[in-house]
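Structure data (compact mmCIF, C-alpha atoms) from start_12.txt:
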# COMPACT_ATOMS: atom_id res chain seq x y z
CA MET A 573 6.57 -4.20 2.32
CA GLU A 574 4.21 -6.61 0.64
CA ILE A 575 0.70 -5.64 -0.35
CA ARG A 576 -1.67 -8.52 -0.97
CA LEU A 577 -4.50 -8.36 -3.44
CA ASN A 578 -7.77 -8.86 -1.63
CA ASP A 579 -11.15 -9.65 -3.01
CA GLU A 580 -13.84 -6.99 -3.25
CA LYS A 581 -15.91 -8.42 -0.42
CA SER A 582 -13.09 -8.18 2.14
CA MET A 583 -12.07 -4.69 1.03
CA GLY A 584 -15.69 -3.60 1.31
CA GLU A 585 -15.49 -4.62 4.95
CA PHE A 586 -12.28 -2.71 5.69
CA ARG A 587 -12.63 0.04 8.27
CA LEU A 588 -9.93 1.76 10.23
CA PRO A 589 -10.84 2.01 13.91
CA GLU A 590 -12.59 5.19 14.93
CA TYR A 591 -10.24 7.56 16.72
CA ARG A 592 -11.99 6.95 20.05
CA GLU A 593 -11.56 3.17 19.53
CA ILE A 594 -7.78 3.47 19.45
CA PRO A 595 -6.35 2.56 22.87
CA ASP A 596 -5.35 5.50 25.04
CA VAL A 597 -4.25 3.55 28.10
CA GLY A 598 -0.57 3.44 27.19
CA LEU A 599 0.71 0.47 25.24
CA TYR A 600 4.21 -0.91 24.97
CA LEU A 601 5.94 -1.14 21.61
CA LYS A 602 4.99 -4.77 20.91
CA GLN A 603 1.37 -4.08 21.86
CA VAL A 604 1.21 -1.10 19.48
CA VAL A 605 2.69 -3.14 16.64
CA LYS A 606 0.13 -5.89 17.27
CA PHE A 607 -2.75 -3.39 17.36
CA VAL A 608 -1.69 -1.74 14.10
CA ASN A 609 -1.08 -5.04 12.33
CA ASP A 610 -4.43 -6.39 13.53
CA ALA A 611 -6.13 -3.25 12.21
CA VAL A 612 -4.60 -3.13 8.75
CA SER A 613 -2.63 -6.19 7.69
CA GLU A 614 -5.51 -8.56 6.92
CA TYR A 615 -7.15 -6.14 4.53
CA MET A 616 -4.37 -3.90 3.29
CA GLY A 617 -1.49 -6.37 3.42
CA VAL A 618 0.65 -3.89 5.35
CA THR A 619 2.89 -5.10 8.15
CA VAL A 620 4.58 -2.92 10.76
CA THR A 621 7.54 -4.13 12.83
CA ASP A 622 9.07 -3.00 16.11
CA SER A 623 12.08 -1.59 14.29
CA MET A 624 9.91 0.35 11.84
CA LEU A 625 8.07 2.04 14.70
CA SER A 626 11.35 2.80 16.44
CA ASN A 627 12.68 4.36 13.23
CA TYR A 628 9.56 6.54 12.84
CA VAL A 629 10.18 7.80 16.38
CA LYS A 630 13.89 8.45 15.63
CA LEU A 631 12.84 10.37 12.49
CA HIS A 632 10.37 12.36 14.63
CA MET A 633 7.45 11.22 12.47
CA VAL A 634 5.86 9.70 15.57
CA ALA A 635 6.24 11.48 18.90
CA SER A 636 8.49 9.82 21.44
CA PRO A 637 6.72 7.45 23.81
CA VAL A 638 5.95 8.63 27.31
CA LYS A 639 7.87 6.38 29.72
CA LYS A 640 7.98 3.71 26.97
CA LEU A 641 4.20 3.91 26.50
CA TYR A 642 2.36 4.87 23.33
CA TYR A 643 -1.05 6.52 23.44
CA ARG A 644 -3.93 7.18 21.04
CA ASP A 645 -2.22 10.00 19.09
CA HIS A 646 0.93 7.90 18.62
CA ILE A 647 -1.10 4.98 17.32
CA ALA A 648 -3.30 7.11 15.03
CA VAL A 649 -0.20 8.60 13.40
CA LEU A 650 1.32 5.14 13.05
CA LEU A 651 -1.84 3.81 11.38
CA PHE A 652 -1.66 6.68 8.89
CA ILE A 653 2.05 6.15 8.21
CA SER A 654 1.69 2.40 7.79
CA LEU A 655 -0.88 2.89 5.04
CA ALA A 656 0.41 6.06 3.37
CA LYS A 657 4.01 4.86 3.05
CA SER A 658 2.94 2.65 0.16
CA VAL A 659 2.38 5.76 -1.98
CA LEU A 660 4.61 8.41 -0.40
CA SER A 661 8.30 8.56 0.38
CA LEU A 662 9.05 8.89 4.08
CA GLU A 663 10.35 12.39 3.39
CA ASN A 664 7.07 13.49 1.78
CA LEU A 665 5.06 11.68 4.40
CA ASP A 666 6.95 13.51 7.14
CA ALA A 667 6.40 16.86 5.38
CA LEU A 668 2.67 16.18 5.10
CA LEU A 669 2.37 15.19 8.76
CA LYS A 670 4.21 18.31 9.88
CA LYS A 671 2.05 20.53 7.68
CA ARG A 672 -1.18 18.95 8.95
CA THR A 673 -0.20 19.15 12.62
CA GLU A 674 0.45 22.88 12.27
CA LYS A 675 -3.25 23.39 11.54
CA TYR A 676 -5.11 20.36 12.88
CA THR A 677 -5.06 17.93 15.77
CA VAL A 678 -4.04 14.32 15.30
CA GLU A 679 -7.68 13.36 15.85
CA GLU A 680 -8.88 15.70 13.08
CA THR A 681 -6.20 14.50 10.67
CA TYR A 682 -6.78 10.82 11.40
CA THR A 683 -10.57 11.14 11.17
CA ALA A 684 -10.32 12.98 7.84
CA PHE A 685 -7.93 10.35 6.45
CA LYS A 686 -10.13 7.50 7.67
CA GLY A 687 -13.18 8.93 5.94
CA LEU A 688 -11.31 9.71 2.72
CA LEU A 689 -9.74 6.25 2.57
CA GLU A 690 -13.02 4.46 3.10
CA LYS A 691 -14.75 6.62 0.48
CA ALA A 692 -11.92 6.02 -2.01
CA LEU A 693 -11.95 2.26 -1.44
CA GLU A 694 -15.71 2.17 -1.91
CA SER A 695 -15.42 4.14 -5.15
CA VAL A 696 -12.56 2.05 -6.54
CA TYR A 697 -14.18 -1.28 -5.74
CA SER A 698 -17.57 -0.23 -7.09
CA ASN A 699 -15.90 0.95 -10.33
CA CYS A 700 -13.93 -2.29 -10.63
CA GLY A 701 -17.22 -4.15 -10.64
CA LYS A 702 -18.38 -2.01 -13.59
CA ASP A 703 -15.19 -2.82 -15.51
CA LYS A 704 -15.91 -6.52 -15.16
CA GLU A 705 -19.24 -6.01 -16.87
CA LYS A 706 -17.42 -4.52 -19.89
CA ASP A 707 -15.65 -7.86 -20.39
CA ILE A 708 -12.16 -6.33 -20.10
CA ASP A 709 -9.28 -8.77 -20.05
CA ASP A 710 -7.99 -9.26 -16.47
CA ASP A 711 -4.39 -8.45 -17.47
CA LEU A 712 -5.51 -5.26 -19.21
CA ARG A 713 -7.55 -4.29 -16.13
CA LEU A 714 -4.46 -4.77 -13.95
CA MET A 715 -2.32 -2.72 -16.33
CA SER A 716 -4.94 0.02 -16.33
CA THR A 717 -5.02 0.03 -12.54
CA ILE A 718 -1.22 0.21 -12.40
CA ALA A 719 -1.22 3.13 -14.82
CA THR A 720 -3.84 4.93 -12.72
CA ALA A 721 -1.90 4.31 -9.50
CA MET A 722 1.31 5.53 -11.13
CA SER A 723 -0.48 8.66 -12.33
CA TYR A 724 -1.70 9.43 -8.82
CA THR A 725 1.78 8.80 -7.39
CA CYS A 726 3.29 11.12 -10.01
CA TYR A 727 0.70 13.77 -9.12
CA LEU A 728 1.47 13.39 -5.40
CA ASN A 729 5.19 13.78 -6.01
CA SER A 730 4.64 16.90 -8.14
CA CYS A 731 2.51 18.41 -5.36
CA PHE A 732 5.37 17.95 -2.89
CA VAL A 733 7.91 19.40 -5.36
CA LYS A 734 5.66 22.43 -5.84
CA THR A 735 5.30 22.87 -2.07
CA GLU A 736 9.09 22.77 -1.64
CA GLU A 737 9.55 25.30 -4.42
CA GLU A 738 7.03 27.64 -2.80
CA LYS A 739 9.01 27.52 0.46
CA LYS A 740 12.11 28.88 -1.29

If you took the structure in this file and wrote it as structure tokens, what would it be?
Amino acid sequence: MEIRLNDEKSMGEFRLPEYREIPDVGLYLKQVVKFVNDAVSEYMGVTVTDSMLSNYVKLHMVASPVKKLYYRDHIAVLLFISLAKSVLSLENLDALLKKRTEKYTVEETYTAFKGLLEKALESVYSNCGKDKEKDIDDDLRLMSTIATAMSYTCYLNSCFVKTEEEKK
């Protein structure tokens, strides 16, 4: 998976579709892939393929289609997976999805994620603008951002390890 760097203006415009804006008429595999890619690839640089979606179904991360048709809940989960897989292993992503669906609907989970993502992007991009004012070298800014991202990824992984240990 390739993630493109996008300028602040385009990222400031990024919005996942509202849950009610996700098609619920039943889409075929290729239509779902096109919808997801149209929603996220331009801004987030994430691309989903037919085979990826099929694998998520085989792994039971996305519910099986109904007579080869995918509906709103399928697509909402796929939007989440397509973005979250850049920071979580598929195993941890699957565990998180299962844990959330025990307590919340797909709509509640998707809506919460959408809001949190948009808030986080706004915060990150507004803070990046402040860094530029401090006259920080671009390479150092990138290294700092990598270190921060790695720290968050490490924290995420430790949370999943702790959850697994608590199950035992």

Between A:Met616, A:Val678, A:Leu728, A:Leu662, which has the minimum distance to Ala635 (chain A) (counting all atoms listed in the file)?
->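 Closest to Ala635 (chain A), using all atoms listed in the file: A:Val678.
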
Closest-contact table, region 618-676 of chain A side, partner region 595-614 of chain A, 9 Å, counting all atoms listed in the file, as a tab-separated table:
residue	atom	partner	partner_atom	distance
A:Val618	CA	A:Ser613	CA	4.6
A:Thr619	CA	A:Ser613	CA	5.6
A:Val620	CA	A:Val605	CA	6.2
A:Thr621	CA	A:Val605	CA	6.2
A:Asp622	CA	A:Val605	CA	6.4
A:Leu625	CA	A:Val605	CA	7.7
A:Ser626	CA	A:Leu601	CA	8.5
A:Pro637	CA	A:Tyr600	CA	8.8
A:Val638	CA	A:Gly598	CA	8.3
A:Lys640	CA	A:Tyr600	CA	6.3
A:Leu641	CA	A:Gly598	CA	4.8
A:Tyr642	CA	A:Gly598	CA	5.1
A:Tyr643	CA	A:Asp596	CA	4.7
A:Arg644	CA	A:Asp596	CA	4.6
A:Asp645	CA	A:Asp596	CA	8.1
A:Ile647	CA	A:Val604	CA	6.9
A:Leu650	CA	A:Val608	CA	7.6
A:Leu651	CA	A:Val608	CA	6.2
A:Ser654	CA	A:Val608	CA	8.3
A:Leu655	CA	A:Val612	CA	8.0

Selected residue, from A:Ser730, A:Thr725, A:Thr683, A:Thr717, that lies nearest to Leu660 (chain A) when counting only C-alpha atoms |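 Of A:Ser730, A:Thr725, A:Thr683, A:Thr717, the one nearest Leu660 (chain A) is A:Thr725, counting only C-alpha atoms.
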
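Distance annotation: of A:Arg713, A:Thr735, A:Gly617, A:Thr720, the residue with the minimal separation from Ser658 (chain A) is A:Gly617; atom set is all atoms listed in the file.
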
Using all atoms listed in the file, give me every residue within 8 Å of (-10.9, 9.9, 14.3) in file coordinates, as a PyMOL selection string.
-> chain A and resi 589-592+679-684+686

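One finds CA of Lys657 (chain A) at 19.2 Å from CA of Glu736 (chain A).
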
One-decimal distance in Å that lies between CA of His646 (chain A) and CA of Val634 (chain A) | 6.1 Å
